[in-house]
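Participant: Just one file: input32.txt, with compact mmCIF, C-alpha atoms and all ligand atoms.
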# COMPACT_ATOMS: atom_id res chain seq x y z
CA MET A 19 52.80 27.51 -79.85
CA THR A 20 50.23 30.21 -80.70
CA ALA A 21 46.70 29.58 -81.91
CA GLU A 22 47.80 30.42 -85.45
CA ASP A 23 50.79 28.07 -85.16
CA ALA A 24 48.47 25.23 -84.11
CA LEU A 25 46.19 25.84 -87.08
CA ARG A 26 49.09 26.06 -89.57
CA TRP A 27 50.62 22.89 -88.17
CA ALA A 28 47.30 21.01 -88.31
CA ALA A 29 46.61 22.10 -91.88
CA ALA A 30 50.08 21.00 -93.00
CA GLU A 31 49.85 17.73 -91.13
CA PHE A 32 46.30 16.66 -92.01
CA GLY A 33 45.39 18.55 -95.21
CA ASP A 34 41.82 17.92 -96.25
CA ARG A 35 41.35 15.43 -93.43
CA LEU A 36 41.08 18.34 -91.01
CA CYS A 37 37.75 19.89 -90.06
CA LEU A 38 36.46 22.64 -87.80
CA THR A 39 33.23 22.30 -85.83
CA CYS A 40 31.27 25.47 -85.14
CA SER A 41 28.46 26.13 -82.69
CA TRP A 42 28.36 29.81 -83.72
CA GLN A 43 29.50 31.15 -80.40
CA ARG A 44 32.39 33.57 -79.85
CA GLN A 45 35.04 30.92 -80.34
CA SER A 46 33.55 29.91 -83.68
CA SER A 47 33.74 33.53 -84.87
CA VAL A 48 37.40 33.74 -83.85
CA LEU A 49 38.32 30.46 -85.50
CA VAL A 50 36.60 31.00 -88.85
CA HIS A 51 38.27 34.42 -89.04
CA MET A 52 41.66 32.99 -88.11
CA VAL A 53 41.43 30.06 -90.51
CA SER A 54 40.36 32.39 -93.30
CA GLY A 55 43.12 34.90 -92.50
CA LEU A 56 45.72 32.14 -92.72
CA GLY A 57 44.34 31.11 -96.12
CA LEU A 58 43.52 27.59 -94.91
CA GLU A 59 40.77 25.66 -96.63
CA VAL A 60 39.02 23.66 -93.95
CA ASP A 61 35.61 21.99 -93.92
CA VAL A 62 33.36 23.66 -91.36
CA ILE A 63 30.86 21.34 -89.67
CA GLU A 64 27.82 22.48 -87.73
CA LEU A 65 25.78 20.08 -85.62
CA ASP A 66 22.32 21.43 -86.23
CA THR A 67 20.16 20.11 -83.40
CA GLN A 68 17.22 21.89 -85.08
CA ILE A 69 16.45 23.59 -81.81
CA LEU A 70 18.97 26.42 -81.84
CA PHE A 71 18.24 30.12 -81.35
CA ARG A 72 17.25 32.23 -84.37
CA GLU A 73 20.25 34.46 -83.56
CA THR A 74 22.55 31.44 -83.82
CA TYR A 75 21.35 30.57 -87.32
CA GLU A 76 21.64 34.24 -88.34
CA THR A 77 25.22 34.37 -87.02
CA ARG A 78 26.06 31.26 -89.03
CA ASP A 79 24.64 32.84 -92.17
CA ARG A 80 26.61 36.06 -91.66
CA LEU A 81 29.88 34.21 -91.05
CA ALA A 82 29.30 31.83 -93.96
CA ALA A 83 28.65 34.75 -96.32
CA ARG A 84 31.60 36.83 -95.10
CA TYR A 85 34.19 34.05 -95.14
CA GLY A 86 32.78 31.83 -97.90
CA LEU A 87 32.79 28.83 -95.57
CA ARG A 88 32.80 25.26 -96.85
CA LEU A 89 29.86 24.52 -94.58
CA ILE A 90 28.63 21.01 -93.86
CA THR A 91 25.43 20.73 -91.83
CA GLN A 92 25.10 17.50 -89.88
CA PRO A 93 21.54 16.91 -88.63
CA PRO A 94 20.43 14.24 -86.15
CA ARG A 95 18.91 11.07 -87.57
CA LEU A 96 15.57 12.04 -85.98
CA THR A 97 13.59 15.22 -86.44
CA LEU A 98 12.21 16.71 -83.25
CA ALA A 99 8.79 15.28 -84.10
CA GLU A 100 10.25 11.80 -84.68
CA GLN A 101 12.18 12.05 -81.43
CA ALA A 102 9.01 12.97 -79.54
CA VAL A 103 7.30 9.88 -80.92
CA ALA A 104 10.25 7.57 -80.24
CA GLU A 105 11.36 8.94 -76.87
CA GLY A 106 8.46 10.97 -75.53
CA PRO A 107 7.95 14.74 -75.56
CA ASN A 108 10.59 17.17 -74.30
CA LEU A 109 13.34 14.60 -73.97
CA TRP A 110 15.68 17.41 -72.87
CA GLU A 111 13.65 17.54 -69.64
CA THR A 112 13.20 13.83 -69.04
CA ASP A 113 16.61 12.59 -70.18
CA PRO A 114 18.98 15.31 -71.42
CA ASN A 115 21.87 12.87 -71.79
CA ARG A 116 19.84 10.80 -74.20
CA CYS A 117 18.67 13.91 -76.03
CA CYS A 118 22.26 15.15 -76.43
CA HIS A 119 23.31 11.72 -77.60
CA ILE A 120 20.69 11.69 -80.35
CA ARG A 121 21.01 15.33 -81.40
CA LYS A 122 24.72 16.01 -80.91
CA VAL A 123 26.99 13.11 -80.05
CA GLU A 124 25.87 10.56 -82.61
CA PRO A 125 25.72 13.16 -85.42
CA LEU A 126 29.26 14.26 -84.49
CA GLU A 127 30.50 10.68 -84.66
CA ARG A 128 29.12 10.41 -88.19
CA ALA A 129 30.42 13.82 -89.16
CA LEU A 130 33.98 13.05 -88.02
CA GLU A 131 34.26 9.79 -89.91
CA PRO A 132 36.09 11.25 -92.95
CA TYR A 133 38.58 13.21 -90.84
CA ASP A 134 41.78 12.59 -88.89
CA ALA A 135 41.79 15.86 -86.97
CA TRP A 136 39.15 18.14 -85.54
CA ILE A 137 39.52 21.81 -84.59
CA THR A 138 37.38 22.84 -81.60
CA GLY A 139 36.93 26.13 -79.77
CA ILE A 140 37.38 24.71 -76.28
CA ARG A 141 39.01 26.97 -73.70
CA ARG A 142 40.30 25.78 -70.32
CA GLU A 143 38.75 28.72 -68.55
CA GLN A 144 35.20 27.84 -69.62
CA SER A 145 34.48 25.33 -66.86
CA PRO A 146 36.20 22.90 -64.48
CA THR A 147 35.43 20.06 -66.88
CA ARG A 148 37.63 21.74 -69.51
CA ALA A 149 40.48 22.79 -67.23
CA GLY A 150 42.70 19.93 -68.36
CA ALA A 151 42.26 20.45 -72.12
CA GLN A 152 45.43 20.49 -74.24
CA ARG A 153 46.15 22.47 -77.39
CA ILE A 154 46.63 19.23 -79.29
CA GLU A 155 45.35 16.00 -77.84
CA TRP A 156 44.39 12.57 -79.07
CA SER A 157 40.71 11.66 -78.73
CA GLU A 158 40.40 7.95 -78.09
CA ARG A 159 36.68 8.32 -78.25
CA TYR A 160 36.50 9.64 -81.80
CA GLY A 161 39.80 8.34 -83.11
CA VAL A 162 40.94 11.82 -84.22
CA TRP A 163 43.37 14.49 -83.07
CA LYS A 164 41.67 17.41 -81.36
CA ILE A 165 43.23 20.75 -82.21
CA GLN A 166 42.22 23.40 -79.67
CA PRO A 167 43.97 26.62 -80.69
CA LEU A 168 42.21 28.81 -78.11
CA VAL A 169 42.75 26.48 -75.18
CA ASP A 170 44.71 29.07 -73.15
CA TRP A 171 42.69 32.13 -74.16
CA ASP A 172 40.50 33.85 -71.59
CA ALA A 173 37.17 35.53 -72.36
CA ARG A 174 38.73 39.03 -72.45
CA ARG A 175 41.22 37.97 -75.07
CA VAL A 176 38.47 36.43 -77.19
CA ASP A 177 36.41 39.62 -76.93
CA ALA A 178 39.37 41.80 -77.81
CA TYR A 179 40.18 39.69 -80.87
CA LEU A 180 36.58 39.90 -82.06
CA ARG A 181 36.45 43.66 -81.53
CA VAL A 182 39.77 44.50 -83.14
CA ASN A 183 38.99 42.39 -86.18
CA GLU A 184 35.32 43.47 -86.37
CA ILE A 185 34.13 39.89 -86.65
CA PRO A 186 30.39 39.05 -86.68
CA VAL A 187 29.40 37.52 -83.37
CA ASN A 188 26.27 35.92 -81.96
CA PRO A 189 24.25 38.85 -80.46
CA LEU A 190 23.00 36.63 -77.62
CA HIS A 191 26.42 36.99 -75.98
CA ASP A 192 25.61 40.66 -75.32
CA ALA A 193 22.22 39.65 -73.90
CA GLY A 194 23.76 37.74 -71.01
CA TYR A 195 24.46 34.38 -72.66
CA PRO A 196 28.21 33.68 -72.42
CA SER A 197 27.56 30.08 -73.53
CA ILE A 198 24.87 29.28 -76.09
CA GLY A 199 23.37 25.90 -76.93
CA CYS A 200 19.87 24.66 -77.67
CA ILE A 201 16.93 26.85 -76.69
CA PRO A 202 15.45 24.60 -73.97
CA CYS A 203 18.79 24.11 -72.24
CA THR A 204 20.25 27.62 -72.28
CA ARG A 205 19.52 30.60 -70.05
CA PRO A 206 21.41 33.82 -69.36
CA VAL A 207 23.91 33.67 -66.49
CA ARG A 208 23.78 35.84 -63.38
CA GLU A 209 26.50 38.06 -62.00
CA GLY A 210 29.41 35.98 -60.70
CA GLU A 211 28.22 32.69 -62.17
CA ASP A 212 30.44 30.30 -64.11
CA GLU A 213 30.51 30.94 -67.88
CA ARG A 214 28.59 27.72 -68.55
CA ALA A 215 26.17 28.03 -65.61
CA GLY A 216 23.34 28.83 -68.03
CA ARG A 217 23.61 25.45 -69.72
CA TRP A 218 21.29 22.74 -68.31
CA ALA A 219 20.68 25.03 -65.34
CA GLY A 220 19.09 23.30 -62.37
CA SER A 221 20.68 19.95 -63.20
CA ASP A 222 24.17 18.60 -62.56
CA LYS A 223 24.78 18.14 -66.29
CA LEU A 224 27.78 20.17 -67.40
CA GLU A 225 28.54 18.96 -70.90
CA CYS A 226 26.54 17.74 -73.85
CA GLY A 227 28.73 14.68 -74.12
CA ILE A 228 30.74 15.76 -77.17
CA HIS A 229 33.58 16.79 -74.89
CA VAL A 230 32.82 13.97 -72.50
CA PRO A 231 32.37 14.84 -68.79
CA LEU A 232 34.77 13.97 -66.04
CA PRO A 233 36.06 11.54 -65.05
CA PHE A 234 35.97 9.99 -68.50
CA VAL A 235 37.17 12.96 -70.51
CA SER A 236 40.13 13.71 -68.30
CA ALA A 237 41.28 10.13 -68.07
CA THR A 238 44.64 9.25 -69.47
CA LYS A 239 44.80 6.58 -72.14
CA GLU A 240 45.89 4.03 -69.54
CA MET A 241 43.01 4.99 -67.24
CA LYS A 242 40.46 4.74 -70.05
CA MET A 243 41.67 1.30 -70.99
CA THR A 244 40.71 0.11 -67.50
CA GLN A 245 37.55 2.24 -67.26
CA GLY A 246 34.40 0.22 -66.75
CA PHE A 247 31.70 0.30 -69.41
CA THR A 248 28.41 -1.38 -70.22
CA LEU A 249 27.95 -3.11 -73.53
CA TRP A 250 24.23 -3.59 -74.02
CA PHE A 251 23.10 -6.16 -76.60
CA THR A 252 19.44 -5.77 -77.55
CA GLY A 253 17.43 -7.76 -80.07
CA LEU A 254 14.80 -10.45 -80.49
CA SER A 255 14.99 -13.79 -78.75
CA GLY A 256 17.26 -15.95 -80.90
CA ALA A 257 18.91 -13.00 -82.65
CA GLY A 258 22.32 -14.02 -81.28
CA LYS A 259 22.87 -11.62 -78.38
CA SER A 260 24.24 -14.10 -75.84
CA THR A 261 26.40 -15.90 -78.40
CA ILE A 262 28.06 -12.67 -79.47
CA ALA A 263 28.36 -11.46 -75.87
CA ASP A 264 30.15 -14.70 -74.93
CA LEU A 265 32.62 -14.28 -77.80
CA VAL A 266 33.26 -10.64 -76.96
CA GLY A 267 33.61 -11.46 -73.25
CA THR A 268 36.14 -14.18 -73.96
CA GLU A 269 38.18 -11.75 -76.04
CA LEU A 270 38.04 -9.05 -73.37
CA GLU A 271 39.02 -11.49 -70.64
CA GLY A 272 41.95 -12.51 -72.83
CA ARG A 273 42.98 -8.87 -72.82
CA GLY A 274 42.96 -8.81 -69.04
CA ARG A 275 39.60 -7.10 -68.52
CA ALA A 276 37.26 -7.98 -65.64
CA VAL A 277 34.08 -9.06 -67.41
CA GLU A 278 30.63 -9.50 -65.90
CA TYR A 279 27.71 -10.97 -67.83
CA LEU A 280 24.12 -9.96 -67.18
CA ASP A 281 22.01 -12.23 -69.33
CA GLY A 282 18.30 -11.40 -69.37
CA ASP A 283 17.22 -15.01 -68.89
CA VAL A 284 19.68 -15.62 -66.05
CA VAL A 285 18.74 -12.38 -64.33
CA ARG A 286 15.11 -13.48 -64.38
CA THR A 287 16.00 -16.54 -62.29
CA HIS A 288 17.72 -14.44 -59.62
CA LEU A 289 17.33 -10.68 -59.46
CA SER A 290 13.93 -10.62 -61.15
CA LYS A 291 12.47 -13.93 -60.04
CA GLY A 292 8.68 -13.79 -60.16
CA LEU A 293 8.41 -11.05 -62.75
CA GLY A 294 6.25 -11.81 -65.77
CA PHE A 295 6.25 -10.42 -69.29
CA SER A 296 3.82 -7.52 -69.04
CA LYS A 297 5.27 -4.19 -70.12
CA GLU A 298 5.52 -3.13 -66.49
CA ASP A 299 7.40 -6.27 -65.47
CA ARG A 300 9.68 -6.10 -68.50
CA ASP A 301 10.49 -2.48 -67.65
CA THR A 302 11.22 -3.38 -64.03
CA ASN A 303 13.55 -6.15 -65.17
CA ILE A 304 15.48 -3.86 -67.50
CA GLU A 305 15.72 -1.10 -64.93
CA ARG A 306 17.16 -3.56 -62.43
CA ILE A 307 19.71 -4.72 -64.97
CA GLY A 308 20.56 -1.09 -65.78
CA TRP A 309 21.08 -0.29 -62.12
CA VAL A 310 23.33 -3.27 -61.48
CA ALA A 311 25.25 -2.58 -64.71
CA SER A 312 25.84 1.01 -63.64
CA ARG A 313 27.33 -0.11 -60.30
CA LEU A 314 29.59 -2.68 -61.90
CA THR A 315 30.64 -0.13 -64.51
CA ARG A 316 31.63 2.29 -61.75
CA HIS A 317 33.99 -0.32 -60.36
CA GLY A 318 35.79 -0.94 -63.62
CA ALA A 319 34.02 -4.00 -65.01
CA ALA A 320 33.27 -4.56 -68.67
CA VAL A 321 29.57 -5.36 -68.22
CA LEU A 322 28.01 -7.39 -71.03
CA VAL A 323 24.23 -7.25 -70.95
CA SER A 324 22.22 -9.50 -73.26
CA ALA A 325 18.54 -8.74 -72.89
CA ILE A 326 15.74 -8.46 -75.40
CA SER A 327 14.97 -5.07 -73.81
CA PRO A 328 12.23 -4.37 -76.35
CA TYR A 329 11.29 -0.81 -75.43
CA GLU A 330 13.39 2.16 -76.52
CA GLU A 331 12.25 4.28 -73.60
CA THR A 332 13.33 1.69 -71.04
CA ARG A 333 16.68 1.14 -72.74
CA ALA A 334 17.14 4.91 -72.62
CA ARG A 335 16.51 4.84 -68.88
CA ALA A 336 19.12 2.10 -68.48
CA ARG A 337 21.54 4.16 -70.57
CA GLY A 338 20.90 7.17 -68.36
CA MET A 339 21.69 5.18 -65.20
CA VAL A 340 24.93 3.84 -66.62
CA GLU A 341 26.07 7.10 -68.21
CA GLU A 342 26.07 8.80 -64.83
CA LEU A 343 28.98 6.51 -63.97
CA GLY A 344 30.60 5.47 -67.23
CA PRO A 345 30.18 4.77 -70.94
CA PHE A 346 27.20 2.86 -72.35
CA VAL A 347 27.53 1.16 -75.71
CA GLU A 348 24.35 -0.13 -77.32
CA VAL A 349 24.62 -2.92 -79.87
CA PHE A 350 21.53 -3.75 -81.88
CA VAL A 351 21.62 -7.46 -82.75
CA ALA A 352 19.29 -7.45 -85.74
CA ALA A 353 17.57 -10.51 -87.18
CA SER A 354 14.10 -11.06 -88.61
CA VAL A 355 11.40 -12.91 -86.70
CA ASP A 356 11.49 -15.66 -89.34
CA ALA A 357 15.25 -16.14 -88.92
CA CYS A 358 14.95 -16.22 -85.13
CA ALA A 359 12.08 -18.70 -85.35
CA ALA A 360 14.11 -20.94 -87.65
CA ARG A 361 16.95 -21.06 -85.07
CA ASP A 362 14.61 -21.73 -82.15
CA VAL A 363 15.32 -25.26 -80.93
CA LYS A 364 12.93 -24.88 -77.97
CA GLY A 365 9.98 -24.20 -80.25
CA LEU A 366 8.99 -21.04 -78.39
CA TYR A 367 8.26 -19.11 -81.56
CA ALA A 368 6.06 -21.95 -82.82
CA LYS A 369 4.08 -21.80 -79.58
CA ALA A 370 3.84 -18.02 -79.83
CA PHE A 371 2.62 -18.25 -83.45
CA ALA A 372 0.03 -20.77 -82.25
CA GLY A 373 -1.10 -18.41 -79.52
CA GLU A 374 0.08 -20.73 -76.76
CA ILE A 375 2.55 -18.15 -75.41
CA LYS A 376 1.18 -14.66 -74.89
CA GLU A 377 3.19 -11.42 -74.94
CA PHE A 378 6.03 -12.89 -77.02
CA THR A 379 8.32 -10.16 -78.34
CA GLY A 380 8.25 -9.86 -82.12
CA VAL A 381 5.10 -11.98 -82.41
CA SER A 382 2.44 -10.71 -80.02
CA ASP A 383 4.43 -7.99 -78.26
CA PRO A 384 6.34 -5.15 -79.96
CA TYR A 385 10.10 -4.82 -80.38
CA GLU A 386 11.20 -1.21 -80.85
CA GLU A 387 14.43 -1.06 -82.81
CA PRO A 388 17.13 1.23 -81.38
CA VAL A 389 17.11 4.69 -82.90
CA SER A 390 20.82 5.43 -82.66
CA PRO A 391 22.79 2.46 -81.35
CA GLU A 392 26.56 2.69 -81.25
CA LEU A 393 26.64 -0.39 -83.51
CA THR A 394 24.26 -2.66 -85.42
CA VAL A 395 25.20 -6.23 -86.29
CA ARG A 396 22.98 -8.20 -88.66
CA THR A 397 23.27 -11.84 -87.77
CA GLU A 398 21.50 -13.07 -90.89
CA ASP A 399 24.34 -11.58 -92.92
CA GLU A 400 27.40 -12.56 -90.90
CA GLU A 401 28.72 -15.23 -88.56
CA PRO A 402 28.80 -14.58 -84.79
CA GLU A 403 32.62 -14.41 -84.87
CA SER A 404 32.46 -11.61 -87.41
CA SER A 405 29.83 -9.72 -85.38
CA ALA A 406 31.93 -10.12 -82.23
CA ARG A 407 35.01 -8.85 -84.06
CA ARG A 408 33.10 -5.73 -85.12
CA VAL A 409 31.91 -5.14 -81.56
CA VAL A 410 35.47 -5.29 -80.25
CA GLU A 411 36.63 -2.98 -83.04
CA ARG A 412 33.94 -0.50 -82.02
CA LEU A 413 35.14 -0.67 -78.41
CA GLU A 414 38.65 0.02 -79.68
CA GLN A 415 37.40 3.00 -81.69
CA LEU A 416 35.71 4.36 -78.60
CA GLY A 417 38.94 3.99 -76.67
CA LEU A 418 37.45 1.51 -74.22
CA VAL A 419 39.79 -1.35 -75.01
CA GLU A 420 43.27 -1.29 -76.41
CA ALA A 421 43.61 -2.19 -80.07
CA ARG A 422 45.34 -5.47 -80.86
CA ALA A 423 44.55 -8.89 -82.36
CA ALA A 424 41.03 -9.48 -83.61
CA VAL A 425 38.49 -11.73 -81.93
CA THR A 426 38.96 -15.41 -82.47
CA ALA A 427 36.23 -17.98 -82.45
S1 LIG B 501 21.32 20.74 -75.34
FE1 LIG B 501 19.25 20.18 -74.64
S2 LIG B 501 17.91 20.21 -76.45
FE2 LIG B 501 20.05 20.26 -77.16
S3 LIG B 501 20.53 18.16 -77.58
FE3 LIG B 501 21.18 18.53 -75.46
S4 LIG B 501 19.43 18.04 -74.12
FE4 LIG B 501 18.70 18.16 -76.28
Since I need it in another form, could you write the structure as C-alpha cells?

Facilitator:
Amino acid sequence: MTAEDALRWAAAEFGDRLCLTCSWQRQSSVLVHMVSGLGLEVDVIELDTQILFRETYETRDRLAARYGLRLITQPPRLTLAEQAVAEGPNLWETDPNRCCHIRKVEPLERALEPYDAWITGIRREQSPTRAGAQRIEWSERYGVWKIQPLVDWDARRVDAYLRVNEIPVNPLHDAGYPSIGCIPCTRPVREGEDERAGRWAGSDKLECGIHVPLPFVSATKEMKMTQGFTLWFTGLSGAGKSTIADLVGTELEGRGRAVEYLDGDVVRTHLSKGLGFSKEDRDTNIERIGWVASRLTRHGAAVLVSAISPYEETRARARGMVEELGPFVEVFVAASVDACAARDVKGLYAKAFAGEIKEFTGVSDPYEEPVSPELTVRTEDEEPESSARRVVERLEQLGLVEARAAVTA
C-alpha cells in the first residue's frame, strides 16, 4: 500500500470523521500537498502550544494559503502566563512531561473527540521509539485509527518529494533542525546525531507524549490491558474519593486486575506516620505516595490513590514520578465545601469552621483544583456508582482496561 493508497482508503472509510494533524515540519508539507492533490477534504488540526518558532507559524500560513486548508487550531486550556502561575515558571525545564501534557497531549485528546481516524506524519526512521509504527494502527489511547502514510519513507525520499513538487517547507530544516517543536525544547542537531536528538536535548525525554514513549506505545493490546497504571483521585475531604475508588477497584478486580489502594488517611498511619498538615508535610506525604505508586505501577498493578493532594505542583511531581514508569490518570472528585461539610459525620468541618482544627483544606488551607485532569466527576450531581462507571469508561477509552460490562454498585 502506498502513502496515497492509505490516504484514499482512509478518506473512503472514515469520510468527514478523518483528520490530519500538522506540526508544520517536512512531513506536514508532504501530507497537505498529497491530500490536496488527491482532492480529499480533510480537517487539518494544529496543536498550537503558543511557544512555536516564528518560522513555524509562517510555514503554516503559507501552506494554508496555498492549499486552502480547513485549519482548526487547538490551543491548550492555559496560556503560558496562566501556566506559569499554576505550575511555576519555565515548566518545560522543571517538568517537561507535565508541560507537554498541558500544551500538547490534553489539547490533542480534545481535538480528536469528533474523529474516528487521525492522519499523522510519523516515520519509522525518525527515532527508535517510532521504529515499530504501522501504516494503519489502532490507538487504544485515543480510541481512533492512526493513519501513517509516510511510515516507511526515509528523510531523502521526503526531501525529494518536497523538491520535485516545490512545496513550501519550514526554513528551520535548512538551518540544522531536522525535527522542530517548541522553542525552549528544540535545538539544531550535530553531525551524525539522531534526527530527533535536538528535541529535549540533555534529558532522556524522547517524545512529547502524543505518540507515547516505549514501552507503553509499542505494547500490544494484550500487553496494555495488563500494563500497570496509577489512578489518582484528588478532591476535598468528604468529596467521595475513597468511595469511588472502592467501587472502581472492585470492578477492576472483577476483571482480573491486581489492584492496590493507597488511601491518604491509611498511608498517614503507616508510611507517613508523624507527619502533620503543614504544606511541607503534606508535600512529603504526597511525594511518598507518588513514589510508591510509581513502583507498583511498574510491576503491573492498577494503583488507586485517594488523597486530598491539595497542591497542583505536588500532584504534578507525583505524576512525573509515575509517568516515568507508566500511565497516570488524574480524576478530580469535585464537591463544594458546603456539600462535604454536610456529609461529614465526624464533625471535622464543624471544628474547622470553629477554628478548632487548623490548616483544614478548603476551610483554612487552600485546595488547588486540577488544571487538566483526565476526568472530573461532580459528586453533588451524580451517585458514586455513576462516577465510578465514568472512571472505568475513561480507563477503557485510554486502553488501560478492556471494555465490557459497566460498573455495578
Ligand atoms: S515541547 Fe517543551 S515547551 Fe513544548 S509543550 Fe513540551 S515541554 Fe512544553

Participant: Enumerate residues in contact with ligand LIG 501 (chain B): an atom-to-atom distance of at most 8 Å, counting all atoms listed in the file. Format the result as a ChimeraX atom specification.

Facilitator: /A:67,69-70,109-111,113-122,199-204,217-218,226

Participant: Using all atoms listed in the file, determine which residues lie at most 10 Å from Tyr179 of chain A, disregarding the query and same-chain residues fewer than 5 positions distant; provide the list as a list of chain:residue names.

Facilitator: A:Arg44, A:Ser47, A:Val48, A:His51, A:Met52, A:Ala173, A:Arg174, A:Glu184, A:Ile185

Participant: Could you write out the selected residues, including C-alpha atoms, as a PDB file, in the coordinates of the input?

Facilitator:
ATOM      1  CA  ARG A  44      32.390  33.570 -79.850  1.00  0.00           C
ATOM      2  CA  SER A  47      33.740  33.530 -84.870  1.00  0.00           C
ATOM      3  CA  VAL A  48      37.400  33.740 -83.850  1.00  0.00           C
ATOM      4  CA  HIS A  51      38.270  34.420 -89.040  1.00  0.00           C
ATOM      5  CA  MET A  52      41.660  32.990 -88.110  1.00  0.00           C
ATOM      6  CA  ALA A 173      37.170  35.530 -72.360  1.00  0.00           C
ATOM      7  CA  ARG A 174      38.730  39.030 -72.450  1.00  0.00           C
ATOM      8  CA  GLU A 184      35.320  43.470 -86.370  1.00  0.00           C
ATOM      9  CA  ILE A 185      34.130  39.890 -86.650  1.00  0.00           C
TER      10      ILE A 185
END

Participant: Could you please determine the separation between atom CA of Ala359 of chain A and atom CA of Tyr279 of chain A in Å, to one decimal place?

Facilitator: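 So the answer is 24.7 Å.
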
Participant: Just give me the gap between atom CA of Gly256 of chain A and atom CA of Cys358 of chain A in Å, one decimal is fine.

Facilitator: 4.8 Å

Participant: Point out the residue among A:Asp177, A:Glu305, A:Glu386, A:Asp299 with the least atom-to-atom distance to Pro328 of chain A, counting all atoms listed in the file.

Facilitator: A:Glu386
